[in-house]
Amino acid sequence: MGRVTVFTLGGTISARGGDASRMTGAEVLAGLGAPDTDIELRDFRRLPSSSLSFDDLAALAHEVRETVAAGSGVVVVQGTDTLEETAFLLDLLCETGEPVVVTGAMRRPDLPGADGPANLAAALTVAADPRCRDLGVLVVLADEIHAARHVRKSHTTSVTTFASPGAGPLGTVVEGEPRILLRPTTTTALHPLSFDPAVRVALLTLTLGDRGELLEAIDSRYDGLVVAAFGAGHVPTWLVEPLEHLATRVPVVLASRTGAGATLTHTYRGPGSEHDLLHRGLIPAGPLDPAKARLLLHALLSTGAKSPTGYDRPGITAAFAHLNGTGLA
Ligand code: ASP
């Protein structure tokens, strides 16, 4: 079994009952007793995961890349609120020639049934196992092994909150051993992307009766937009022209706010349908949920999909299509 480097970032697994302070990385690891894995600790941040910044994540990705290149598996321990975003971003930015696993906890260490130690132990097992290499970044909680590209937090308090709608987990941890049942057909990104924290991508979730004020506010502040649209990719008729206009200047990705399933391309016609919007220059997110679509667009714009004269619409479209389940580049 290989060496594992553990990056602790804070979150519920490190929360104290009585105050807002967080445990040190060493205190978090102490919850495990004496693990038989060879562990190196990086006490990286001590934050609630809602306060992790893009600078924090860019620095984390840099260290994870170097750690993997040096031959160590990785476990990232953080709060569950934004865990799926960290995991997906690492998936876009890092090779997984050694396993890279993200985990956390739903119950504070001082509460009955605290799940942190079990999740951490399972994550270490996966990260130390050569059979879990090259699966992309993994998320391990409640003895389930999920692919970063599919996994979502689906419940505010349940210890089984992490689910992969439309895909299911890649495997499980049984008697302290990973059992991989499925492998992704393609890597998440065609090649590792880069990430510039200065790029600005907005996410706009539509709700009934939206009159477009927030869309107007996108203005020239952003380098790209993800629209979390209704159903399979639908918007009100009166937002079609503003979206078309915006898409002449910056990439506008059409995602679904439903929480599972892919955006369609040619089932509905007429103003505001997915067919109409894609014809007017929007880019389909396919099965990527809005928060992940935002990170993919951010990474693509950081990696040269943007130029002073416009943006690489075919390149961005191909990068999203790559994840649509056809396994095609
Ligand atoms: N679940 C929260 C998080 O994601 C809890 C916290 O504030 O520690 O970090």
# chains A, B, ... in the order shown; residues from 1 in each chain; ligands from 1
$ residues_around --residues "segment 186-195 of chain A" --least-positions-apart "5" --cutoff "10 Å" --atoms "only C-alpha atoms" --output "PyMOL selection string"
chain A and resi 54-55+57-59+61-62+88-96+134-137+147-149+295-296+298-304+318-320+322-323+325-329
$ select_by_dssp --residues "segment 75-276 of chain A" --states "strand (DSSP E or B)" --output "PyMOL selection string"
chain A and resi 75-77+100-103+138-141+144-147+152-153+162-163+171-174+177-180+201-205+224-230+234+252-256
$ atom_distance --atom1 "atom CA of Ala285 of chain A" --atom2 "atom CA of Val226 of chain A"
8.6 Å
$ residues_near_ligand --ligand "ligand 1" --cutoff "8 Å" --atoms "only C-alpha atoms and all ligand atoms" --output "list in words"
Gly10, Gly11, Thr12, Ile13, Ser14, Ala15, Leu47, Pro48, Ser49, Ser50, Gln78, Gly79, Thr80, Asp81, Thr82, Leu83, Ala105 and Met106 of chain A
$ atom_distance --atom1 "atom CA of Asp56 of chain A" --atom2 "atom CA of Leu214 of chain A"
27.7 Å
$ residues_around --residues "Thr125 of chain A" --least-positions-apart "5" --cutoff "9 Å" --atoms "only C-alpha atoms" --output "PyMOL selection string"
chain A and resi 1+37+120+173+176-178
$ closest_residue --among "A:Ser256, A:Val250, A:Gly168, A:Val4" --to "Thr207 of chain A" --atoms "only C-alpha atoms"
A:Ser256
$ closest_residue --among "A:Ala69, A:Val240, A:Ile145, A:Val139" --to "His275 of chain A" --atoms "only C-alpha atoms"
A:Val240
$ closest_residue --among "A:Gly286, A:Gly104, A:Pro99, A:Pro236" --to "Leu141 of chain A" --atoms "only C-alpha atoms"
A:Gly104
$ atom_distance --atom1 "atom CA of Ala163 of chain A" --atom2 "atom CA of Val151 of chain A"
5.4 Å
$ select_by_dssp --residues "segment 120-306 of chain A" --states "helix (DSSP H, G or I)" --output "VMD selection string"
chain A and resid 120 to 127 130 to 132 213 to 218 237 to 247 274 to 279 290 to 302
$ closest_residue --among "A:Leu29, A:Val159, A:Ile39, A:Ala228" --to "Val253 of chain A" --atoms "only C-alpha atoms"
A:Ala228
